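Source file: structure00.tsv; contents: TSV, C-alpha atoms.
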```tsv
chain	number	residue	atom	x	y	z
G	150	MET	CA	-4.34	-37.78	57.82
G	151	ILE	CA	-4.99	-35.97	61.16
G	152	HIS	CA	-1.93	-34.08	62.36
G	153	SER	CA	-3.32	-32.36	65.46
G	154	LEU	CA	-6.46	-32.01	67.55
G	155	PHE	CA	-7.42	-28.88	69.48
G	156	LEU	CA	-10.23	-28.67	72.06
G	157	ILE	CA	-11.71	-25.17	72.34
G	158	ASN	CA	-14.32	-24.15	74.92
G	159	ALA	CA	-17.19	-21.69	74.48
G	160	ALA	CA	-15.01	-18.78	75.64
G	161	GLY	CA	-12.57	-19.43	72.79
G	162	ASP	CA	-9.75	-20.86	74.92
G	163	ILE	CA	-7.70	-23.87	73.80
G	164	PHE	CA	-7.64	-26.08	76.89
G	165	LEU	CA	-6.20	-29.27	75.33
G	166	GLU	CA	-4.15	-30.15	72.27
G	167	LYS	CA	-2.80	-33.43	70.92
G	168	HIS	CA	-0.29	-33.90	68.09
G	169	TRP	CA	0.31	-37.18	66.26
G	170	LYS	CA	2.89	-36.04	63.73
G	171	SER	CA	4.86	-32.81	63.83
G	172	ALA	CA	3.50	-30.25	66.27
G	173	VAL	CA	1.26	-27.63	64.67
G	174	SER	CA	1.32	-24.14	66.16
G	175	ARG	CA	-1.78	-22.93	67.97
G	176	SER	CA	-1.80	-19.93	65.65
G	177	VAL	CA	-3.50	-22.10	63.01
G	178	CYS	CA	-6.68	-21.81	65.12
G	179	ASP	CA	-6.81	-18.07	64.38
G	180	TYR	CA	-8.62	-18.94	61.14
G	181	PHE	CA	-11.15	-20.87	63.21
G	182	PHE	CA	-11.62	-17.96	65.62
G	183	GLU	CA	-12.31	-15.62	62.68
G	184	ALA	CA	-15.03	-17.96	61.40
G	185	GLN	CA	-16.42	-18.26	64.93
G	186	GLU	CA	-16.76	-14.46	65.22
G	187	LYS	CA	-18.66	-14.29	61.93
G	188	ALA	CA	-21.11	-17.04	62.93
G	189	SER	CA	-24.26	-15.96	64.73
G	190	GLU	CA	-24.30	-19.14	66.82
G	191	ALA	CA	-21.76	-21.82	67.70
G	192	GLU	CA	-23.63	-24.39	65.58
G	193	ASN	CA	-23.23	-22.16	62.50
G	194	VAL	CA	-19.42	-22.30	62.39
G	195	PRO	CA	-18.42	-23.95	59.05
G	196	PRO	CA	-17.31	-27.55	59.68
G	197	VAL	CA	-14.51	-27.25	57.09
G	198	ILE	CA	-12.26	-24.17	57.02
G	199	PRO	CA	-9.44	-24.01	54.43
G	200	THR	CA	-6.23	-22.18	55.31
G	201	PRO	CA	-3.11	-21.55	53.18
G	202	HIS	CA	-1.37	-24.71	54.42
G	203	HIS	CA	-4.00	-26.68	56.37
G	204	PHE	CA	-7.65	-27.67	56.55
G	205	LEU	CA	-9.52	-27.24	59.83
G	206	ILE	CA	-12.37	-29.73	60.31
G	207	SER	CA	-14.47	-29.36	63.45
G	208	VAL	CA	-17.54	-30.59	65.31
G	209	TYR	CA	-19.39	-28.88	68.19
G	210	ARG	CA	-20.49	-31.14	71.03
G	211	ASP	CA	-21.21	-30.42	74.71
G	212	ARG	CA	-20.20	-26.75	74.32
G	213	ILE	CA	-16.75	-27.79	73.06
G	214	PHE	CA	-15.25	-27.46	69.60
G	215	PHE	CA	-13.16	-30.44	68.51
G	216	VAL	CA	-10.91	-29.04	65.76
G	217	ALA	CA	-8.78	-31.42	63.68
G	218	VAL	CA	-5.89	-30.08	61.62
G	219	ILE	CA	-5.31	-31.73	58.22
G	220	GLN	CA	-2.44	-30.95	55.85
G	221	SER	CA	-3.72	-32.83	52.77
G	222	GLU	CA	-7.17	-33.27	51.30
G	223	VAL	CA	-9.20	-36.12	52.82
G	224	PRO	CA	-12.95	-36.85	52.76
G	225	PRO	CA	-14.32	-34.39	55.37
G	226	LEU	CA	-17.06	-36.76	56.55
G	227	PHE	CA	-14.38	-39.32	57.41
G	228	VAL	CA	-12.75	-36.87	59.83
G	229	ILE	CA	-16.09	-35.63	61.18
G	230	GLU	CA	-17.21	-39.17	61.93
G	231	PHE	CA	-13.94	-39.83	63.75
G	232	LEU	CA	-14.36	-36.68	65.86
G	233	HIS	CA	-17.87	-37.75	66.85
G	234	ARG	CA	-16.44	-41.14	67.78
G	235	VAL	CA	-13.90	-39.40	70.03
G	236	VAL	CA	-16.70	-37.55	71.82
G	237	ASP	CA	-18.78	-40.72	72.24
G	238	THR	CA	-15.74	-42.57	73.63
G	239	LEU	CA	-15.00	-39.87	76.19
G	240	GLN	CA	-18.65	-39.86	77.23
G	241	ASP	CA	-18.49	-43.61	77.70
G	242	TYR	CA	-15.32	-43.33	79.79
G	243	PHE	CA	-16.23	-40.38	82.03
G	244	GLY	CA	-20.04	-40.21	81.88
G	245	SER	CA	-19.88	-36.82	80.17
G	246	CYS	CA	-17.62	-35.00	77.74
G	247	SER	CA	-17.61	-31.65	79.52
G	248	GLU	CA	-14.56	-29.45	79.90
G	249	VAL	CA	-14.41	-30.26	83.63
G	250	ALA	CA	-14.48	-34.04	83.02
G	251	ILE	CA	-11.73	-33.79	80.41
G	252	LYS	CA	-9.49	-31.69	82.65
G	253	ASP	CA	-10.03	-34.01	85.61
G	254	ASN	CA	-9.00	-37.03	83.51
G	255	VAL	CA	-6.49	-35.41	81.20
G	256	VAL	CA	-3.97	-38.27	81.45
G	257	VAL	CA	-6.57	-40.87	80.43
G	258	VAL	CA	-7.75	-38.59	77.60
G	259	TYR	CA	-4.24	-38.46	76.14
G	260	GLU	CA	-3.86	-42.23	76.50
G	261	VAL	CA	-7.17	-42.86	74.73
G	262	LEU	CA	-6.37	-40.45	71.90
G	263	GLU	CA	-2.97	-42.09	71.45
G	264	GLU	CA	-4.66	-45.48	70.94
G	265	MET	CA	-7.47	-44.20	68.71
G	266	LEU	CA	-5.03	-42.80	66.13
G	267	ASP	CA	-1.82	-44.38	64.89
G	268	ASN	CA	0.41	-41.85	63.15
G	269	GLY	CA	-2.70	-39.83	62.38
G	270	PHE	CA	-4.84	-42.69	61.03
G	271	PRO	CA	-7.77	-44.27	62.97
G	272	LEU	CA	-6.78	-47.53	64.62
G	273	ALA	CA	-8.90	-48.56	67.62
G	274	THR	CA	-12.29	-46.85	67.77
G	275	GLU	CA	-14.44	-49.51	69.44
G	276	SER	CA	-15.19	-48.75	73.08
G	277	ASN	CA	-14.87	-52.32	74.34
G	278	ILE	CA	-11.46	-52.71	72.66
G	279	LEU	CA	-10.25	-49.38	74.03
G	280	LYS	CA	-11.29	-50.35	77.55
G	281	GLU	CA	-8.98	-53.36	77.32
G	282	LEU	CA	-6.14	-51.11	76.18
G	283	ILE	CA	-6.88	-48.22	78.56
G	284	ARG	CA	-8.82	-49.12	81.67
G	285	PRO	CA	-11.58	-46.61	82.60
G	286	PRO	CA	-10.73	-44.45	85.62
G	287	THR	CA	-12.18	-45.32	89.02
G	288	ILE	CA	-11.58	-43.83	92.45
G	289	LEU	CA	-9.70	-46.91	93.67
G	290	ARG	CA	-7.61	-47.14	90.48
G	291	THR	CA	-6.74	-43.45	90.70
G	292	VAL	CA	-5.54	-43.84	94.29
G	293	VAL	CA	-3.47	-46.91	93.42
G	294	ASN	CA	-1.91	-45.19	90.40
G	295	THR	CA	-1.02	-42.18	92.54
G	296	ILE	CA	0.70	-44.35	95.16
G	297	THR	CA	2.43	-46.83	92.86
G	298	GLY	CA	3.07	-44.53	89.89
G	299	SER	CA	1.37	-46.96	87.49
G	300	THR	CA	-0.99	-46.03	84.62
G	301	ASN	CA	-4.32	-47.18	83.22
G	302	VAL	CA	-2.65	-48.79	80.21
G	303	GLY	CA	-3.41	-52.52	79.98
G	304	ASP	CA	-0.69	-55.15	80.15
G	305	HIS	CA	-1.89	-57.22	77.18
G	306	LEU	CA	-2.96	-56.46	73.63
G	307	PRO	CA	-6.73	-57.08	73.15
G	308	THR	CA	-7.37	-60.36	71.40
G	309	GLY	CA	-9.85	-58.69	69.06
G	310	GLN	CA	-7.09	-56.57	67.54
G	311	LEU	CA	-5.50	-59.69	66.05
G	312	SER	CA	-8.68	-61.36	64.75
G	313	VAL	CA	-10.84	-60.93	61.65
G	314	VAL	CA	-13.55	-59.48	63.95
G	315	PRO	CA	-11.68	-56.54	65.51
G	316	TRP	CA	-14.73	-55.20	67.36
G	317	ARG	CA	-15.20	-58.35	69.47
G	318	ARG	CA	-12.77	-59.92	71.91
G	319	THR	CA	-12.31	-63.67	71.86
G	320	GLY	CA	-12.97	-66.12	74.67
G	321	VAL	CA	-16.14	-64.42	75.92
G	322	ARG	CA	-18.07	-66.51	78.45
G	323	TYR	CA	-21.39	-65.80	80.17
G	324	ALA	CA	-23.45	-67.97	82.50
G	325	ASN	CA	-26.67	-66.38	81.16
G	326	ASN	CA	-26.80	-65.38	77.51
G	327	GLU	CA	-28.80	-62.19	77.04
G	328	ALA	CA	-29.27	-59.54	74.38
G	329	TYR	CA	-31.08	-56.24	74.87
G	330	PHE	CA	-32.08	-53.83	72.12
G	331	ASP	CA	-33.40	-50.34	72.75
G	332	VAL	CA	-35.17	-48.41	69.97
G	333	VAL	CA	-34.87	-44.66	70.61
G	334	GLU	CA	-36.60	-42.19	68.30
G	335	GLU	CA	-36.69	-38.40	68.25
G	336	ILE	CA	-39.41	-36.58	66.35
G	337	ASP	CA	-38.87	-33.08	64.96
G	338	ALA	CA	-42.04	-31.43	63.70
G	339	ILE	CA	-43.50	-28.02	62.88
G	340	ILE	CA	-47.27	-27.57	63.28
G	341	ASP	CA	-49.20	-24.47	62.22
G	342	LYS	CA	-51.84	-22.75	64.33
G	343	SER	CA	-54.63	-24.81	62.76
G	344	GLY	CA	-52.97	-28.08	63.85
G	345	SER	CA	-51.78	-29.14	60.38
G	346	THR	CA	-48.29	-30.62	60.05
G	347	VAL	CA	-45.94	-28.38	58.07
G	348	PHE	CA	-42.82	-30.50	58.50
G	349	ALA	CA	-42.07	-33.75	60.33
G	350	GLU	CA	-39.20	-36.21	60.45
G	351	ILE	CA	-37.88	-38.88	62.80
G	352	GLN	CA	-34.30	-39.62	63.77
G	353	GLY	CA	-33.92	-43.05	65.35
G	354	VAL	CA	-31.23	-45.35	66.70
G	355	ILE	CA	-31.10	-48.93	67.92
G	356	ASP	CA	-28.74	-49.34	70.86
G	357	ALA	CA	-27.78	-52.85	71.90
G	358	CYS	CA	-26.30	-54.56	74.93
G	359	VAL	CA	-25.24	-58.07	73.91
G	360	LYS	CA	-23.84	-60.52	76.46
G	361	LEU	CA	-23.45	-63.79	74.57
G	362	THR	CA	-20.84	-66.52	74.87
G	363	GLY	CA	-18.33	-67.22	72.10
G	364	MET	CA	-18.69	-65.76	68.62
G	365	PRO	CA	-22.47	-65.57	67.91
G	366	ASP	CA	-23.86	-64.71	64.50
G	367	LEU	CA	-27.18	-62.84	64.75
G	368	THR	CA	-29.85	-61.94	62.22
G	369	LEU	CA	-32.48	-59.32	63.00
G	370	SER	CA	-35.46	-58.68	60.73
G	371	PHE	CA	-38.23	-56.08	60.81
G	372	MET	CA	-41.86	-56.32	59.79
G	373	ASN	CA	-41.64	-52.98	57.95
G	374	PRO	CA	-37.98	-52.34	57.02
G	375	ARG	CA	-38.93	-50.04	54.12
G	376	LEU	CA	-39.71	-47.35	56.70
G	377	LEU	CA	-36.01	-46.84	57.32
G	378	ASP	CA	-34.19	-44.29	55.22
G	379	ASP	CA	-30.63	-42.95	55.31
G	380	VAL	CA	-29.46	-45.84	57.49
G	381	SER	CA	-26.02	-45.82	59.12
G	382	PHE	CA	-24.68	-49.13	60.44
G	383	HIS	CA	-22.13	-50.33	62.92
G	384	PRO	CA	-19.15	-51.91	61.07
G	385	CYS	CA	-20.28	-55.36	62.25
G	386	VAL	CA	-23.37	-55.31	59.98
G	387	ARG	CA	-23.11	-57.10	56.61
G	388	PHE	CA	-24.23	-54.35	54.28
G	389	LYS	CA	-24.78	-56.51	51.18
G	390	ARG	CA	-27.38	-58.64	52.92
G	391	TRP	CA	-29.23	-55.55	54.09
G	392	GLU	CA	-29.28	-54.21	50.52
G	393	SER	CA	-30.63	-57.45	49.06
G	394	GLU	CA	-32.90	-58.81	51.83
G	395	ARG	CA	-33.40	-55.93	54.28
G	396	ILE	CA	-32.11	-58.19	57.08
G	397	LEU	CA	-29.50	-57.21	59.63
G	398	SER	CA	-26.84	-59.92	59.81
G	399	PHE	CA	-23.93	-59.30	62.18
G	400	ILE	CA	-21.45	-60.64	64.73
G	401	PRO	CA	-22.04	-58.22	67.61
G	402	PRO	CA	-19.42	-56.56	69.79
G	403	ASP	CA	-19.37	-57.65	73.42
G	404	GLY	CA	-21.33	-55.24	75.59
G	405	ASN	CA	-22.93	-51.93	74.66
G	406	PHE	CA	-22.87	-50.55	71.12
G	407	ARG	CA	-25.06	-48.68	68.61
G	408	LEU	CA	-26.28	-51.11	65.99
G	409	LEU	CA	-27.69	-48.57	63.55
G	410	SER	CA	-29.16	-45.12	63.18
G	411	TYR	CA	-31.89	-44.23	60.69
G	412	HIS	CA	-34.13	-41.48	59.40
G	413	VAL	CA	-37.86	-41.41	58.59
G	414	SER	CA	-38.78	-38.37	56.49
G	415	SER	CA	-42.23	-39.16	55.07
G	416	GLN	CA	-44.73	-36.87	56.79
G	417	ASN	CA	-47.53	-39.35	56.12
G	418	LEU	CA	-45.79	-41.85	58.41
G	419	VAL	CA	-45.08	-39.43	61.27
G	420	ALA	CA	-47.94	-39.28	63.75
G	421	ILE	CA	-47.69	-36.27	66.07
G	422	PRO	CA	-48.52	-37.59	69.57
G	423	VAL	CA	-49.46	-34.24	71.20
G	424	TYR	CA	-51.71	-31.30	70.50
G	425	VAL	CA	-51.54	-27.72	71.77
G	426	LYS	CA	-54.45	-25.30	72.13
G	427	HIS	CA	-53.38	-21.70	72.55
G	428	ASN	CA	-54.84	-18.23	72.78
G	429	ILE	CA	-52.24	-15.44	72.75
G	430	ASN	CA	-53.58	-11.93	72.21
G	431	PHE	CA	-51.84	-8.56	71.86
G	432	ARG	CA	-53.59	-5.26	71.26
G	433	ASP	CA	-52.22	-2.04	69.77
G	434	GLY	CA	-51.45	0.51	72.48
G	435	SER	CA	-52.68	-1.77	75.28
G	436	SER	CA	-50.57	-2.39	78.40
G	437	THR	CA	-51.89	-5.93	78.91
G	438	GLY	CA	-52.20	-9.07	76.83
G	439	ARG	CA	-53.73	-12.51	77.19
G	440	PHE	CA	-51.78	-15.77	77.30
G	441	GLU	CA	-53.36	-19.24	77.48
G	442	ILE	CA	-51.99	-22.69	76.60
G	443	THR	CA	-53.45	-26.19	77.03
G	444	ILE	CA	-51.47	-29.30	76.09
G	445	GLY	CA	-52.55	-32.92	75.92
G	446	PRO	CA	-51.87	-36.29	74.29
G	447	LYS	CA	-53.79	-37.53	71.27
G	448	GLN	CA	-56.23	-40.28	72.24
G	449	THR	CA	-54.97	-42.64	69.54
G	450	MET	CA	-51.50	-43.00	71.08
G	451	GLY	CA	-52.50	-44.71	74.33
G	452	LYS	CA	-49.21	-43.83	76.04
G	453	MET	CA	-48.28	-41.45	78.85
G	454	LEU	CA	-46.43	-38.22	78.07
G	455	GLU	CA	-43.53	-37.69	80.47
G	456	GLY	CA	-40.94	-34.99	81.02
G	457	THR	CA	-43.05	-32.43	79.15
G	458	ILE	CA	-41.49	-28.96	78.90
G	459	VAL	CA	-43.08	-26.04	77.03
G	460	THR	CA	-40.97	-23.01	76.06
G	461	SER	CA	-41.87	-19.85	74.19
G	462	GLN	CA	-39.82	-16.83	73.12
G	463	LEU	CA	-42.14	-13.92	73.86
G	464	PRO	CA	-41.85	-10.57	72.02
G	465	LYS	CA	-39.67	-7.75	73.41
G	466	VAL	CA	-42.75	-5.69	74.31
G	467	VAL	CA	-43.58	-8.16	77.12
G	468	LEU	CA	-42.31	-6.82	80.45
G	469	ASN	CA	-43.62	-9.55	82.74
G	470	VAL	CA	-46.28	-12.24	82.99
G	471	ASN	CA	-48.81	-13.13	85.67
G	472	LEU	CA	-49.89	-16.71	84.97
G	473	ALA	CA	-51.45	-19.61	86.83
G	474	SER	CA	-50.74	-23.25	85.97
G	475	THR	CA	-52.93	-26.21	86.84
G	476	GLN	CA	-49.85	-28.47	86.82
G	477	GLY	CA	-46.10	-27.96	87.09
G	478	ASN	CA	-44.17	-24.74	87.48
G	479	TYR	CA	-43.36	-21.92	85.08
G	480	ASN	CA	-40.52	-19.42	84.91
G	481	PHE	CA	-40.20	-16.21	82.90
G	482	ASP	CA	-36.89	-14.48	82.27
G	483	PRO	CA	-37.57	-10.74	81.77
G	484	VAL	CA	-34.16	-10.27	80.13
G	485	THR	CA	-34.28	-12.99	77.44
G	486	LYS	CA	-38.13	-12.98	77.33
G	487	VAL	CA	-38.18	-16.79	77.46
G	488	LEU	CA	-41.13	-18.47	79.16
G	489	THR	CA	-40.49	-22.03	80.39
G	490	TRP	CA	-43.24	-24.29	81.72
G	491	ASP	CA	-42.16	-27.58	83.27
G	492	VAL	CA	-45.29	-29.72	83.03
G	493	GLY	CA	-43.88	-33.17	83.84
G	494	LYS	CA	-46.16	-36.18	83.37
G	495	ILE	CA	-49.52	-35.48	81.73
G	496	ASN	CA	-52.68	-37.16	82.98
G	497	PRO	CA	-55.13	-37.53	80.05
G	498	GLN	CA	-58.04	-37.20	82.47
G	499	LYS	CA	-56.91	-33.76	83.62
G	500	LEU	CA	-55.13	-31.76	80.95
G	501	PRO	CA	-52.67	-29.12	82.18
G	502	SER	CA	-53.12	-25.49	81.26
G	503	LEU	CA	-51.25	-22.24	81.76
G	504	LYS	CA	-53.22	-19.02	81.55
G	505	GLY	CA	-53.09	-15.42	82.69
G	506	SER	CA	-52.09	-11.92	81.60
G	507	MET	CA	-48.96	-10.28	80.17
G	508	SER	CA	-47.68	-6.82	81.07
G	509	LEU	CA	-46.71	-4.90	77.93
G	510	GLN	CA	-44.88	-1.67	77.25
G	511	ALA	CA	-47.39	1.18	77.26
G	512	GLY	CA	-48.23	2.43	73.79
G	513	SER	CA	-46.26	-0.33	72.07
G	514	PRO	CA	-47.58	-1.58	68.69
G	515	LYS	CA	-48.94	-5.07	68.30
G	516	PRO	CA	-46.22	-7.63	67.35
G	517	ASP	CA	-46.21	-8.70	63.73
G	518	GLU	CA	-46.78	-12.36	64.65
G	519	ASN	CA	-47.52	-14.49	67.69
G	520	PRO	CA	-44.58	-16.29	69.35
G	521	ASN	CA	-43.71	-19.88	68.56
G	522	ILE	CA	-44.42	-22.59	71.11
G	523	ASN	CA	-41.87	-25.37	71.53
G	524	VAL	CA	-42.87	-28.63	73.20
G	525	GLN	CA	-40.43	-31.31	74.41
G	526	PHE	CA	-41.65	-34.62	75.80
G	527	LYS	CA	-40.81	-38.31	76.28
G	528	ILE	CA	-42.92	-41.41	75.68
G	529	GLN	CA	-41.66	-44.69	77.08
G	530	GLN	CA	-41.98	-47.98	75.18
G	531	LEU	CA	-43.21	-46.46	71.94
G	532	ALA	CA	-41.61	-46.36	68.50
G	533	ILE	CA	-43.36	-43.38	66.95
G	534	SER	CA	-42.47	-44.48	63.41
G	535	GLY	CA	-44.26	-47.80	63.86
G	536	LEU	CA	-41.06	-49.82	63.44
G	537	LYS	CA	-41.63	-53.40	64.63
G	538	VAL	CA	-39.19	-56.25	65.06
G	539	ASN	CA	-40.13	-59.48	63.32
G	540	ARG	CA	-37.62	-61.94	64.77
G	541	LEU	CA	-34.09	-62.38	66.02
G	542	ASP	CA	-32.12	-65.54	65.29
G	543	MET	CA	-28.72	-66.68	66.49
G	544	TYR	CA	-26.39	-69.10	64.76
G	545	GLY	CA	-23.23	-70.80	65.91
G	546	GLU	CA	-21.92	-73.95	67.49
G	547	LYS	CA	-23.47	-75.17	70.77
G	548	TYR	CA	-26.14	-72.47	70.72
G	549	LYS	CA	-29.71	-73.22	71.62
G	550	PRO	CA	-32.46	-71.37	69.78
G	551	PHE	CA	-33.93	-68.48	71.71
G	552	LYS	CA	-36.61	-69.92	73.94
G	553	GLY	CA	-38.13	-66.58	74.82
G	554	ILE	CA	-38.35	-63.32	72.92
G	555	LYS	CA	-40.13	-60.65	74.91
G	556	TYR	CA	-41.72	-57.91	72.84
G	557	MET	CA	-43.88	-55.12	74.15
G	558	THR	CA	-46.75	-53.96	71.97
G	559	LYS	CA	-45.54	-51.01	69.90
G	560	ALA	CA	-42.60	-50.99	72.26
G	561	GLY	CA	-39.31	-49.25	71.91
G	562	LYS	CA	-37.54	-52.05	73.77
G	563	PHE	CA	-37.27	-55.79	73.37
G	564	GLN	CA	-35.08	-58.41	74.94
G	565	VAL	CA	-34.15	-61.99	74.26
G	566	ARG	CA	-32.78	-64.75	76.45
G	567	THR	CA	-31.51	-68.26	75.83
```
Could you quickly redo this structure as structure tokens?
Amino acid sequence: MIHSLFLINAAGDIFLEKHWKSAVSRSVCDYFFEAQEKASEAENVPPVIPTPHHFLISVYRDRIFFVAVIQSEVPPLFVIEFLHRVVDTLQDYFGSCSEVAIKDNVVVVYEVLEEMLDNGFPLATESNILKELIRPPTILRTVVNTITGSTNVGDHLPTGQLSVVPWRRTGVRYANNEAYFDVVEEIDAIIDKSGSTVFAEIQGVIDACVKLTGMPDLTLSFMNPRLLDDVSFHPCVRFKRWESERILSFIPPDGNFRLLSYHVSSQNLVAIPVYVKHNINFRDGSSTGRFEITIGPKQTMGKMLEGTIVTSQLPKVVLNVNLASTQGNYNFDPVTKVLTWDVGKINPQKLPSLKGSMSLQAGSPKPDENPNINVQFKIQQLAISGLKVNRLDMYGEKYKPFKGIKYMTKAGKFQVRT
């Protein structure tokens, strides 16, 4: 399976390596560096690179390449999924998976990687199980380990490793039984200058935090499950029941986990919650141009736009800009020609605008096309796809039925309590 793992930063330096079988020379990464030089951007490096004696399979996360070395053919997606799980685990342990965080906790990183793979094959990949095996680093624990010479390795084998439900530890007890589910959706859309949608899709996930006593068996149903396409589940979900009834039936892990991720690709179902009015003019031979943008929420959404950021890659003929914004601050980089406008929260009663003039190179021809405008924003408590939860039931001995399920209208969050 996986023989070695190399971590390579954006500068092309190998700052960490881990071997599970025989040590593989760093020179095998030369094939990766050749592919990296040919790629225009880091994201364009081929995920699978064959070499005379190995296969290099990599993912790019947080400005770091995670490169796995394989000696025999295996399903590439299997390795890619494992590498993403490694990144998610390190983020859960240290708060981020940056090069600095990894170097500061290099001992814990090696301990975690040793538990995640056994002789090159995935063994323990659930975060709550790993935290029983390798305790997360804290300031106090670091000081104690330095003085006593001890490690973060746990003294006992997690009970879940020996059960038929390896993702959940046994003997869980809570005074208050609670379950929280957070629906997070990201919309990716392209809109032409007339306001018509050219392309639109939604990537969504349901993250859960379950704190229930014992070994609960949950079922979660949706009012419109046919919306979901290309669904990826946590191993706890019973896939056959989803195929036949479109109901999520599962014994949840204890604590935080991602229940499922999904995709909505039908443009008819994707409602774009913002609109942009713009007026960008260039003239042949002129030394000035006009730039004007107004952004606002669509009245049908009824939610507040937050964290709004507008960026635009202006043409090379633009030397500088002289703009005035009614809200937020803007910044223009004369080297990269990137204009960034940090709008923040938008008040529907007073729409923000950014307008003014652009200084152009004298005698320069008019650009072939106007620049693209990119808009990023957040909307709290709104599932843009229209996904709605129908009900959540819990089965098991000595469990009361849920006496209160709190749903917010068109909300992205819901919680239940017993």
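Considering only C-alpha atoms, the residue among G:Pro315, G:Gly438, G:Pro483, G:Pro271 positioned nearest to G:Ile151 is G:Pro271.
Minimum atom-to-atom distances from G:Thr475, G:Gln510, G:Gln529, G:Thr460 to G:Val487 were compared using all atoms listed in the file, and the lowest value belongs to G:Thr460.
Considering all atoms listed in the file, the residue among G:Trp391, G:Trp169, G:Tyr544, G:Phe440 positioned nearest to G:Asp366 is G:Tyr544.
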Item checked: Separation of atom CA of G:Lys494 from atom CA of G:Gln462 in Å -> 22.8 Å
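Minimum atom-to-atom distances from G:Ser189, G:Asn158, G:Ser176, G:Ser370 to G:Glu248 were compared using all atoms listed in the file, and the lowest value belongs to G:Asn158.
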How big is the axis-aligned box, and where does its centre sit, when it encloses all atoms of stretch 247-264 of chain G listed in the file and has 6 Å added on every side, reported in Å to one decimal as lines of an AutoDock Vina configuration file?
```
center_x = -10.3
center_y = -37.5
center_z = 78.3
size_x = 26.6
size_y = 28.0
size_z = 26.7
```
Check: atom CA of G:Gly477 and atom CA of G:Leu503, how far apart in Å?
Finding: 9.4 Å
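Separating atom CA of G:Pro224 from atom CA of G:Val197 is a distance of 10.6 Å.
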Note to self: Around (-17.3, -63.1, 74.4), as given in the file, which residues come within 8 Å? Count only C-alpha atoms and list them as a list in words.
What the structure shows: Arg317, Arg318, Thr319, Gly320, Val321, Arg322, Tyr323, Lys360, Leu361, Thr362, Gly363, Met364 and Asp403 of chain G
Checklist line | Selection: 9 Å around G:Asp379, all atoms listed in the file, excl. self and same-chain fewer than 2 positions, as a list in words | finding: Leu377, Ser381, Ser410, Tyr411, His412 and Val413 of chain G
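Considering only C-alpha atoms, the residue among G:Ser414, G:Asn325, G:Thr287, G:Asn480 positioned nearest to G:Ala349 is G:Ser414.
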Checklist line | G:Val524 surroundings by all atoms listed in the file, 8 Å radius, close-in-sequence under 3 positions cut, as a PyMOL selection string | finding: chain G and resi 457-460
Next item on the list: With a distance cut-off of 10 Å and only C-alpha atoms, select the neighbouring residues of G:Asn539, excluding the residue or stretch itself and same-chain residues fewer than 4 positions from it, and output the selection as a PyMOL selection string.
Entry: chain G and resi 369-374+556
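Nearest residue to G:Ala511, choosing from G:Ser435, G:Cys385, G:Trp316, G:Ile229 and counting only C-alpha atoms: G:Ser435.
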Notebook entry, point to check: List as an MDAnalysis selection string: which residues have an atom within 12 Å of (-20.6, -25.6, 61.5), counting only C-alpha atoms?
Noted result: chainID G and resid 181 184:185 187:198 205:210 214:216 229
What's the 9 Å shell around G:Leu468, counting only C-alpha atoms, without same-chain residues fewer than 4 positions away, as a CSV table (one decimal) with C-alpha atoms, keeping the file's coordinate frame?
```
chain,number,residue,atom,x,y,z
G,483,PRO,CA,-37.6,-10.7,81.8
G,484,VAL,CA,-34.2,-10.3,80.1
G,486,LYS,CA,-38.1,-13.0,77.3
G,507,MET,CA,-49.0,-10.3,80.2
G,508,SER,CA,-47.7,-6.8,81.1
G,509,LEU,CA,-46.7,-4.9,77.9
G,510,GLN,CA,-44.9,-1.7,77.2
```
Applying 7 Å and only C-alpha atoms, which residues near G:Gln476 remain after dropping the ones on its own chain fewer than 2 positions away? List them as a CSV table (one decimal) with C-alpha atoms, keeping the file's coordinate frame.
```csv
chain,number,residue,atom,x,y,z
G,474,SER,CA,-50.7,-23.2,86.0
G,478,ASN,CA,-44.2,-24.7,87.5
G,492,VAL,CA,-45.3,-29.7,83.0
G,501,PRO,CA,-52.7,-29.1,82.2
```
